[in-house]
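A.B. asks: So here's final_34.pdb (PDB, N, CA and C atoms).
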```pdb
ATOM      1  N   PHE A   1      10.309  24.530  23.567
ATOM      2  CA  PHE A   1      11.129  25.059  22.508
ATOM      3  C   PHE A   1      10.374  24.918  21.190
ATOM      4  N   SER A   2      10.889  25.599  20.165
ATOM      5  CA  SER A   2      10.363  25.443  18.811
ATOM      6  C   SER A   2      11.518  25.213  17.858
ATOM      7  N   ALA A   3      11.309  24.331  16.902
ATOM      8  CA  ALA A   3      12.241  24.178  15.782
ATOM      9  C   ALA A   3      11.608  24.950  14.635
ATOM     10  N   GLN A   4      12.381  25.777  13.960
ATOM     11  CA  GLN A   4      11.843  26.685  12.947
ATOM     12  C   GLN A   4      12.657  26.601  11.656
ATOM     13  N   ILE A   5      11.970  26.605  10.536
ATOM     14  CA  ILE A   5      12.628  26.669   9.238
ATOM     15  C   ILE A   5      12.772  28.144   8.875
ATOM     16  N   GLN A   6      13.975  28.522   8.434
ATOM     17  CA  GLN A   6      14.243  29.918   8.096
ATOM     18  C   GLN A   6      14.814  30.023   6.694
ATOM     19  N   ASP A   7      14.543  31.174   6.046
ATOM     20  CA  ASP A   7      15.166  31.433   4.752
ATOM     21  C   ASP A   7      16.576  31.977   4.982
ATOM     22  N   LYS A   8      17.260  32.290   3.911
ATOM     23  CA  LYS A   8      18.660  32.725   4.027
ATOM     24  C   LYS A   8      18.834  34.007   4.827
ATOM     25  N   SER A   9      17.783  34.821   4.919
ATOM     26  CA  SER A   9      17.889  36.056   5.690
ATOM     27  C   SER A   9      17.509  35.862   7.162
ATOM     28  N   GLY A  10      17.134  34.624   7.527
ATOM     29  CA  GLY A  10      16.791  34.337   8.913
ATOM     30  C   GLY A  10      15.321  34.500   9.242
ATOM     31  N   SER A  11      14.482  34.749   8.233
ATOM     32  CA  SER A  11      13.040  34.898   8.454
ATOM     33  C   SER A  11      12.357  33.531   8.400
ATOM     34  N   PRO A  12      11.351  33.305   9.256
ATOM     35  CA  PRO A  12      10.610  32.049   9.206
ATOM     36  C   PRO A  12      10.005  31.849   7.817
ATOM     37  N   THR A  13      10.066  30.624   7.322
ATOM     38  CA  THR A  13       9.498  30.313   6.015
ATOM     39  C   THR A  13       8.757  28.983   6.086
ATOM     40  N   PRO A  14       7.542  28.920   5.567
ATOM     41  CA  PRO A  14       6.762  27.675   5.647
ATOM     42  C   PRO A  14       7.408  26.532   4.859
ATOM     43  N   ALA A  15       7.264  25.336   5.377
ATOM     44  CA  ALA A  15       7.757  24.139   4.701
ATOM     45  C   ALA A  15       6.895  23.874   3.474
ATOM     46  N   LEU A  16       7.537  23.524   2.351
ATOM     47  CA  LEU A  16       6.801  23.194   1.135
ATOM     48  C   LEU A  16       6.146  21.822   1.258
ATOM     49  N   GLY A  17       6.756  20.951   2.008
ATOM     50  CA  GLY A  17       6.215  19.623   2.304
ATOM     51  C   GLY A  17       6.560  19.294   3.735
ATOM     52  N   ALA A  18       5.969  18.230   4.263
ATOM     53  CA  ALA A  18       6.289  17.838   5.635
ATOM     54  C   ALA A  18       7.805  17.661   5.765
ATOM     55  N   THR A  19       8.385  18.284   6.779
ATOM     56  CA  THR A  19       9.833  18.271   6.981
ATOM     57  C   THR A  19      10.145  17.664   8.344
ATOM     58  N   THR A  20      10.922  16.593   8.347
ATOM     59  CA  THR A  20      11.289  15.936   9.601
ATOM     60  C   THR A  20      12.664  16.412  10.038
ATOM     61  N   ILE A  21      12.731  16.802  11.294
ATOM     62  CA  ILE A  21      13.957  17.297  11.913
ATOM     63  C   ILE A  21      14.299  16.357  13.063
ATOM     64  N   THR A  22      15.550  15.961  13.153
ATOM     65  CA  THR A  22      15.995  15.113  14.252
ATOM     66  C   THR A  22      16.652  15.983  15.309
ATOM     67  N   LEU A  23      16.137  15.889  16.521
ATOM     68  CA  LEU A  23      16.659  16.663  17.650
ATOM     69  C   LEU A  23      17.494  15.755  18.537
ATOM     70  N   SER A  24      18.607  16.283  19.020
ATOM     71  CA  SER A  24      19.468  15.534  19.933
ATOM     72  C   SER A  24      20.124  16.501  20.909
ATOM     73  N   SER A  25      20.735  15.934  21.934
ATOM     74  CA  SER A  25      21.409  16.717  22.970
ATOM     75  C   SER A  25      22.770  16.098  23.246
ATOM     76  N   ASN A  26      23.711  16.924  23.682
ATOM     77  CA  ASN A  26      25.024  16.391  24.058
ATOM     78  C   ASN A  26      25.029  15.881  25.501
ATOM     79  N   SER A  27      23.907  15.965  26.168
ATOM     80  CA  SER A  27      23.779  15.480  27.539
ATOM     81  C   SER A  27      23.239  14.053  27.533
ATOM     82  N   GLY A  28      23.879  13.191  28.265
ATOM     83  CA  GLY A  28      23.406  11.810  28.358
ATOM     84  C   GLY A  28      22.077  11.673  29.074
ATOM     85  N   ALA A  29      21.685  12.678  29.853
ATOM     86  CA  ALA A  29      20.436  12.613  30.608
ATOM     87  C   ALA A  29      19.299  13.363  29.921
ATOM     88  N   GLY A  30      19.560  14.026  28.796
ATOM     89  CA  GLY A  30      18.540  14.808  28.114
ATOM     90  C   GLY A  30      17.506  13.933  27.429
ATOM     91  N   ARG A  31      16.223  14.322  27.538
ATOM     92  CA  ARG A  31      15.126  13.572  26.936
ATOM     93  C   ARG A  31      14.139  14.538  26.284
ATOM     94  N   PHE A  32      13.579  14.108  25.145
ATOM     95  CA  PHE A  32      12.660  14.922  24.352
ATOM     96  C   PHE A  32      11.266  14.316  24.333
ATOM     97  N   ASP A  33      10.288  15.175  24.059
ATOM     98  CA  ASP A  33       8.912  14.726  23.827
ATOM     99  C   ASP A  33       8.179  15.819  23.058
ATOM    100  N   THR A  34       7.070  15.449  22.441
ATOM    101  CA  THR A  34       6.237  16.434  21.745
ATOM    102  C   THR A  34       5.088  16.921  22.625
ATOM    103  N   ALA A  35       4.943  16.326  23.817
ATOM    104  CA  ALA A  35       3.891  16.723  24.747
ATOM    105  C   ALA A  35       4.509  17.197  26.055
ATOM    106  N   LYS A  36       3.955  18.273  26.595
ATOM    107  CA  LYS A  36       4.469  18.838  27.844
ATOM    108  C   LYS A  36       4.452  17.814  28.977
ATOM    109  N   ASP A  37       3.409  17.001  29.014
ATOM    110  CA  ASP A  37       3.266  15.988  30.054
ATOM    111  C   ASP A  37       3.602  14.598  29.530
ATOM    112  N   GLY A  38       4.465  14.519  28.511
ATOM    113  CA  GLY A  38       4.820  13.254  27.890
ATOM    114  C   GLY A  38       5.716  12.397  28.767
ATOM    115  N   THR A  39       6.144  11.273  28.220
ATOM    116  CA  THR A  39       6.973  10.330  28.971
ATOM    117  C   THR A  39       8.458  10.694  28.948
ATOM    118  N   PHE A  40       8.878  11.531  28.017
ATOM    119  CA  PHE A  40      10.278  11.954  27.889
ATOM    120  C   PHE A  40      11.205  10.729  27.929
ATOM    121  N   ALA A  41      10.903   9.740  27.098
ATOM    122  CA  ALA A  41      11.633   8.482  27.099
ATOM    123  C   ALA A  41      12.763   8.434  26.077
ATOM    124  N   SER A  42      12.841   9.421  25.186
ATOM    125  CA  SER A  42      13.786   9.333  24.077
ATOM    126  C   SER A  42      14.908  10.367  24.155
ATOM    127  N   ALA A  43      16.128   9.910  23.859
ATOM    128  CA  ALA A  43      17.284  10.811  23.828
ATOM    129  C   ALA A  43      17.341  11.593  22.520
ATOM    130  N   THR A  44      16.590  11.169  21.510
ATOM    131  CA  THR A  44      16.464  11.894  20.248
ATOM    132  C   THR A  44      14.978  11.975  19.910
ATOM    133  N   LEU A  45      14.638  12.890  19.015
ATOM    134  CA  LEU A  45      13.241  13.050  18.619
ATOM    135  C   LEU A  45      13.169  13.387  17.143
ATOM    136  N   ALA A  46      12.344  12.652  16.411
ATOM    137  CA  ALA A  46      12.060  12.984  15.018
ATOM    138  C   ALA A  46      10.814  13.871  15.031
ATOM    139  N   LEU A  47      11.018  15.159  14.827
ATOM    140  CA  LEU A  47       9.953  16.152  14.892
ATOM    141  C   LEU A  47       9.557  16.549  13.474
ATOM    142  N   THR A  48       8.252  16.523  13.179
ATOM    143  CA  THR A  48       7.782  16.882  11.842
ATOM    144  C   THR A  48       7.179  18.276  11.851
ATOM    145  N   ILE A  49       7.680  19.118  10.944
ATOM    146  CA  ILE A  49       7.063  20.421  10.688
ATOM    147  C   ILE A  49       6.125  20.194   9.506
ATOM    148  N   PRO A  50       4.813  20.364   9.708
ATOM    149  CA  PRO A  50       3.859  20.086   8.637
ATOM    150  C   PRO A  50       4.010  21.047   7.457
ATOM    151  N   ALA A  51       3.612  20.585   6.285
ATOM    152  CA  ALA A  51       3.608  21.441   5.093
ATOM    153  C   ALA A  51       2.802  22.699   5.390
ATOM    154  N   GLY A  52       3.316  23.844   4.974
ATOM    155  CA  GLY A  52       2.630  25.115   5.184
ATOM    156  C   GLY A  52       2.931  25.776   6.511
ATOM    157  N   GLN A  53       3.619  25.073   7.415
ATOM    158  CA  GLN A  53       3.992  25.628   8.717
ATOM    159  C   GLN A  53       5.484  25.935   8.717
ATOM    160  N   ALA A  54       5.896  26.876   9.547
ATOM    161  CA  ALA A  54       7.310  27.230   9.631
ATOM    162  C   ALA A  54       7.985  26.645  10.868
ATOM    163  N   SER A  55       7.197  26.131  11.814
ATOM    164  CA  SER A  55       7.798  25.629  13.046
ATOM    165  C   SER A  55       6.944  24.549  13.684
ATOM    166  N   ALA A  56       7.545  23.856  14.642
ATOM    167  CA  ALA A  56       6.845  22.867  15.459
ATOM    168  C   ALA A  56       7.453  22.907  16.849
ATOM    169  N   ASP A  57       6.619  22.699  17.847
ATOM    170  CA  ASP A  57       7.063  22.761  19.238
ATOM    171  C   ASP A  57       7.528  21.406  19.743
ATOM    172  N   PHE A  58       8.455  21.444  20.695
ATOM    173  CA  PHE A  58       8.895  20.241  21.380
ATOM    174  C   PHE A  58       9.294  20.613  22.800
ATOM    175  N   TYR A  59       9.454  19.588  23.626
ATOM    176  CA  TYR A  59       9.799  19.786  25.032
ATOM    177  C   TYR A  59      11.054  18.990  25.351
ATOM    178  N   TYR A  60      11.822  19.494  26.302
ATOM    179  CA  TYR A  60      13.104  18.884  26.666
ATOM    180  C   TYR A  60      13.272  18.920  28.172
ATOM    181  N   LYS A  61      13.707  17.794  28.735
ATOM    182  CA  LYS A  61      14.024  17.712  30.164
ATOM    183  C   LYS A  61      15.422  17.141  30.313
ATOM    184  N   ASP A  62      16.117  17.629  31.334
ATOM    185  CA  ASP A  62      17.479  17.150  31.574
ATOM    186  C   ASP A  62      17.770  17.224  33.063
ATOM    187  N   GLY A  63      18.147  16.098  33.662
ATOM    188  CA  GLY A  63      18.430  16.067  35.092
ATOM    189  C   GLY A  63      19.880  16.308  35.435
ATOM    190  N   SER A  64      20.733  16.481  34.434
ATOM    191  CA  SER A  64      22.167  16.692  34.682
ATOM    192  C   SER A  64      22.478  18.164  34.939
ATOM    193  N   ALA A  65      23.527  18.392  35.698
ATOM    194  CA  ALA A  65      24.013  19.755  35.900
ATOM    195  C   ALA A  65      24.720  20.219  34.629
ATOM    196  N   GLY A  66      24.766  21.505  34.418
ATOM    197  CA  GLY A  66      25.465  22.058  33.260
ATOM    198  C   GLY A  66      24.513  22.612  32.227
ATOM    199  N   THR A  67      25.064  23.003  31.111
ATOM    200  CA  THR A  67      24.301  23.605  30.025
ATOM    201  C   THR A  67      24.398  22.718  28.789
ATOM    202  N   PRO A  68      23.333  21.980  28.480
ATOM    203  CA  PRO A  68      23.387  21.102  27.315
ATOM    204  C   PRO A  68      23.295  21.889  26.005
ATOM    205  N   THR A  69      23.803  21.282  24.951
ATOM    206  CA  THR A  69      23.664  21.832  23.606
ATOM    207  C   THR A  69      22.661  20.980  22.856
ATOM    208  N   LEU A  70      21.584  21.607  22.370
ATOM    209  CA  LEU A  70      20.592  20.902  21.569
ATOM    210  C   LEU A  70      20.930  21.100  20.103
ATOM    211  N   THR A  71      20.788  20.043  19.321
ATOM    212  CA  THR A  71      21.098  20.087  17.896
ATOM    213  C   THR A  71      19.872  19.661  17.100
ATOM    214  N   ALA A  72      19.565  20.414  16.047
ATOM    215  CA  ALA A  72      18.475  20.075  15.131
ATOM    216  C   ALA A  72      19.081  19.849  13.756
ATOM    217  N   THR A  73      18.823  18.675  13.180
ATOM    218  CA  THR A  73      19.354  18.378  11.852
ATOM    219  C   THR A  73      18.219  17.924  10.941
ATOM    220  N   ALA A  74      18.334  18.298   9.685
ATOM    221  CA  ALA A  74      17.351  17.906   8.671
ATOM    222  C   ALA A  74      18.118  17.432   7.456
ATOM    223  N   GLY A  75      17.416  16.726   6.585
ATOM    224  CA  GLY A  75      18.024  16.250   5.349
ATOM    225  C   GLY A  75      18.352  17.412   4.426
ATOM    226  N   PRO A  76      18.974  17.115   3.292
ATOM    227  CA  PRO A  76      19.317  18.167   2.330
ATOM    228  C   PRO A  76      18.077  18.925   1.863
ATOM    229  N   SER A  77      18.252  20.195   1.622
ATOM    230  CA  SER A  77      17.154  21.052   1.158
ATOM    231  C   SER A  77      17.403  21.475  -0.278
ATOM    232  N   SER A  78      16.341  21.507  -1.062
ATOM    233  CA  SER A  78      16.481  21.958  -2.446
ATOM    234  C   SER A  78      15.982  23.381  -2.630
ATOM    235  N   GLY A  79      15.438  23.967  -1.564
ATOM    236  CA  GLY A  79      14.889  25.320  -1.676
ATOM    237  C   GLY A  79      15.807  26.353  -1.063
ATOM    238  N   PRO A  80      15.353  27.600  -1.054
ATOM    239  CA  PRO A  80      16.172  28.696  -0.524
ATOM    240  C   PRO A  80      16.072  28.819   0.987
ATOM    241  N   THR A  81      16.258  27.713   1.697
ATOM    242  CA  THR A  81      16.126  27.740   3.155
ATOM    243  C   THR A  81      17.474  27.573   3.818
ATOM    244  N   ARG A  82      17.526  27.994   5.040
ATOM    245  CA  ARG A  82      18.747  27.910   5.830
ATOM    246  C   ARG A  82      18.739  26.662   6.712
ATOM    247  N   GLY A  83      17.620  26.012   6.824
ATOM    248  CA  GLY A  83      17.527  24.816   7.652
ATOM    249  C   GLY A  83      16.913  25.101   8.993
ATOM    250  N   PRO A  84      16.804  24.069   9.828
ATOM    251  CA  PRO A  84      16.138  24.236  11.119
ATOM    252  C   PRO A  84      16.969  25.057  12.094
ATOM    253  N   ARG A  85      16.285  25.845  12.887
ATOM    254  CA  ARG A  85      16.922  26.629  13.948
ATOM    255  C   ARG A  85      16.056  26.408  15.188
ATOM    256  N   CYS A  86      16.659  26.362  16.347
ATOM    257  CA  CYS A  86      15.904  26.236  17.581
ATOM    258  C   CYS A  86      15.881  27.560  18.302
ATOM    259  N   ARG A  87      14.728  27.878  18.851
ATOM    260  CA  ARG A  87      14.596  29.099  19.639
ATOM    261  C   ARG A  87      13.811  28.767  20.886
ATOM    262  N   THR A  88      14.069  29.491  21.962
ATOM    263  CA  THR A  88      13.308  29.275  23.170
ATOM    264  C   THR A  88      11.995  30.010  23.064
ATOM    265  N   GLY A  89      11.023  29.533  23.803
ATOM    266  CA  GLY A  89       9.751  30.230  23.777
ATOM    267  C   GLY A  89       8.589  29.324  23.979
TER     268      GLY A  89
END
```
So that I can check it, write out the structure of this file as structure tokens.

C.D. replies:
Amino acid sequence: FSAQIQDKSGSPTPALGATTITLSSNSGAGRFDTAKDGTFASATLALTIPAGQASADFYYKDGSAGTPTLTATAGPSSGPTRGPRCRTG
């Protein structure tokens, strides 16, 4: 997956400074990592989008049945951004 910063019109927009996004899942079995072959030991992930970039990739595994909801949250923004959005890909 990718977490992406978007402007108010929904277009990707580069971060003015390093932006940390916290990822979580409503599934008790969901685990995140920044590496495809990682340990997937964490139920949450602090993902950093570097300054000048609009997105950062992450990986998610879940052994539970059903459809989990992933949530991306970031601190308050002072610019014309809409905040983090997750997209598959």

A.B. asks: Any chance you could work out the axis-aligned box around stretch 41-47 of chain A, listed atoms only, 4 Å on each side, giving centre and edge lengths in Å to one decimal, as AutoDock Vina command-line options?

C.D. replies:
```
--center_x 13.4 --center_y 12.5 --center_z 20.3 --size_x 15.8 --size_y 16.1 --size_z 21.6
```

A.B. asks: Work out how far atom C of A:Ser2 is from atom C of A:Gly52, in Å to one decimal.

C.D. replies: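 Separation of atom C of A:Gly52 and atom C of A:Ser2: 14.2 Å.
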
A.B. asks: Need to verify the contact set: A:Leu45, 8 Å, only N, CA and C atoms, exclusion of same-chain residues closer than 4 positions in sequence. Can you return it as an MDAnalysis selection string?

C.D. replies: chainID A and resid 20:25 31:34

A.B. asks: Can you pull out the residues contacting A:Lys36? Cut-off 8 Å, using all atoms listed in the file, and skip same-chain residues under 5 positions away; I want them as a PyMOL selection string.

C.D. replies: chain A and resi 58-60

A.B. asks: What does the file look like for those residues with N, CA and C atoms, as a PDB file, in the frame of the given file?

C.D. replies:
```
ATOM      1  N   PHE A  58       8.455  21.444  20.695  1.00  0.00           N
ATOM      2  CA  PHE A  58       8.895  20.241  21.380  1.00  0.00           C
ATOM      3  C   PHE A  58       9.294  20.613  22.800  1.00  0.00           C
ATOM      4  N   TYR A  59       9.454  19.588  23.626  1.00  0.00           N
ATOM      5  CA  TYR A  59       9.799  19.786  25.032  1.00  0.00           C
ATOM      6  C   TYR A  59      11.054  18.990  25.351  1.00  0.00           C
ATOM      7  N   TYR A  60      11.822  19.494  26.302  1.00  0.00           N
ATOM      8  CA  TYR A  60      13.104  18.884  26.666  1.00  0.00           C
ATOM      9  C   TYR A  60      13.272  18.920  28.172  1.00  0.00           C
TER      10      TYR A  60
END
```

A.B. asks: For this structure, which residues satisfy the selection - the PyMOL selection byres ((chain A and resi 15) around 6) - when it is evaluated on the file as given? I want them as a list in words.

C.D. replies: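 Going through the file, the PyMOL selection byres ((chain A and resi 15) around 6) ends up selecting Thr13, Pro14, Leu16, Gly17, Ala18, Pro50, Ala51, Gly52, Gln53 and Ala54 of chain A.
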
A.B. asks: Go ahead and compute the interatomic distance for atom CA of A:Ala3 and atom N of A:Ser55, in Å to one decimal.

C.D. replies: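 These atoms are spaced 6.7 Å apart.
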
A.B. asks: Can you list every residue in chain A that DSSP puts in strand (DSSP E), as a count of residues only?

C.D. replies: 40

A.B. asks: Do you have the atom C of A:Ala74-atom C of A:Ala56 distance handy?

C.D. replies: 15.2 Å

A.B. asks: Please determine, counting only C-alpha atoms, which residue among A:Leu47, A:Ser11, A:Ala29, A:Ala35 has the shortest atom-to-atom distance to A:Ala72.

C.D. replies: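 Checking each of A:Leu47, A:Ser11, A:Ala29, A:Ala35 against A:Ala72, counting only C-alpha atoms, the winner is A:Leu47.
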
A.B. asks: Where atoms are missing, can you supply N, CA, C and O atoms for stretch 36-53 of chain A and output the lot as a compact mmCIF listing (two decimals), keeping the file's coordinate frame?

C.D. replies:
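Done, and the output landed in part-v6.txt:
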```
# COMPACT_ATOMS: atom_id res chain seq x y z
N LYS A 36 3.96 18.27 26.60
CA LYS A 36 4.47 18.84 27.84
C LYS A 36 4.45 17.81 28.98
O LYS A 36 5.36 17.75 29.79
N ASP A 37 3.41 17.00 29.01
CA ASP A 37 3.27 15.99 30.05
C ASP A 37 3.60 14.60 29.53
O ASP A 37 3.10 13.60 30.04
N GLY A 38 4.46 14.52 28.51
CA GLY A 38 4.82 13.25 27.89
C GLY A 38 5.72 12.40 28.77
O GLY A 38 6.06 12.76 29.90
N THR A 39 6.14 11.27 28.22
CA THR A 39 6.97 10.33 28.97
C THR A 39 8.46 10.69 28.95
O THR A 39 9.22 10.19 29.77
N PHE A 40 8.88 11.53 28.02
CA PHE A 40 10.28 11.95 27.89
C PHE A 40 11.20 10.73 27.93
O PHE A 40 12.17 10.69 28.67
N ALA A 41 10.90 9.74 27.10
CA ALA A 41 11.63 8.48 27.10
C ALA A 41 12.76 8.43 26.08
O ALA A 41 13.56 7.51 26.10
N SER A 42 12.84 9.42 25.19
CA SER A 42 13.79 9.33 24.08
C SER A 42 14.91 10.37 24.16
O SER A 42 14.67 11.54 24.43
N ALA A 43 16.13 9.91 23.86
CA ALA A 43 17.28 10.81 23.83
C ALA A 43 17.34 11.59 22.52
O ALA A 43 18.09 12.57 22.42
N THR A 44 16.59 11.17 21.51
CA THR A 44 16.46 11.89 20.25
C THR A 44 14.98 11.98 19.91
O THR A 44 14.16 11.22 20.45
N LEU A 45 14.64 12.89 19.02
CA LEU A 45 13.24 13.05 18.62
C LEU A 45 13.17 13.39 17.14
O LEU A 45 13.87 14.29 16.68
N ALA A 46 12.34 12.65 16.41
CA ALA A 46 12.06 12.98 15.02
C ALA A 46 10.81 13.87 15.03
O ALA A 46 9.70 13.41 15.26
N LEU A 47 11.02 15.16 14.83
CA LEU A 47 9.95 16.15 14.89
C LEU A 47 9.56 16.55 13.47
O LEU A 47 10.42 16.88 12.66
N THR A 48 8.25 16.52 13.18
CA THR A 48 7.78 16.88 11.84
C THR A 48 7.18 18.28 11.85
O THR A 48 6.29 18.56 12.65
N ILE A 49 7.68 19.12 10.94
CA ILE A 49 7.06 20.42 10.69
C ILE A 49 6.12 20.19 9.51
O ILE A 49 6.57 19.84 8.42
N PRO A 50 4.81 20.36 9.71
CA PRO A 50 3.86 20.09 8.64
C PRO A 50 4.01 21.05 7.46
O PRO A 50 4.47 22.18 7.62
N ALA A 51 3.61 20.58 6.28
CA ALA A 51 3.61 21.44 5.09
C ALA A 51 2.80 22.70 5.39
O ALA A 51 1.75 22.64 6.02
N GLY A 52 3.32 23.84 4.97
CA GLY A 52 2.63 25.12 5.18
C GLY A 52 2.93 25.78 6.51
O GLY A 52 2.56 26.92 6.74
N GLN A 53 3.62 25.07 7.42
CA GLN A 53 3.99 25.63 8.72
C GLN A 53 5.48 25.94 8.72
O GLN A 53 6.26 25.31 8.01
```
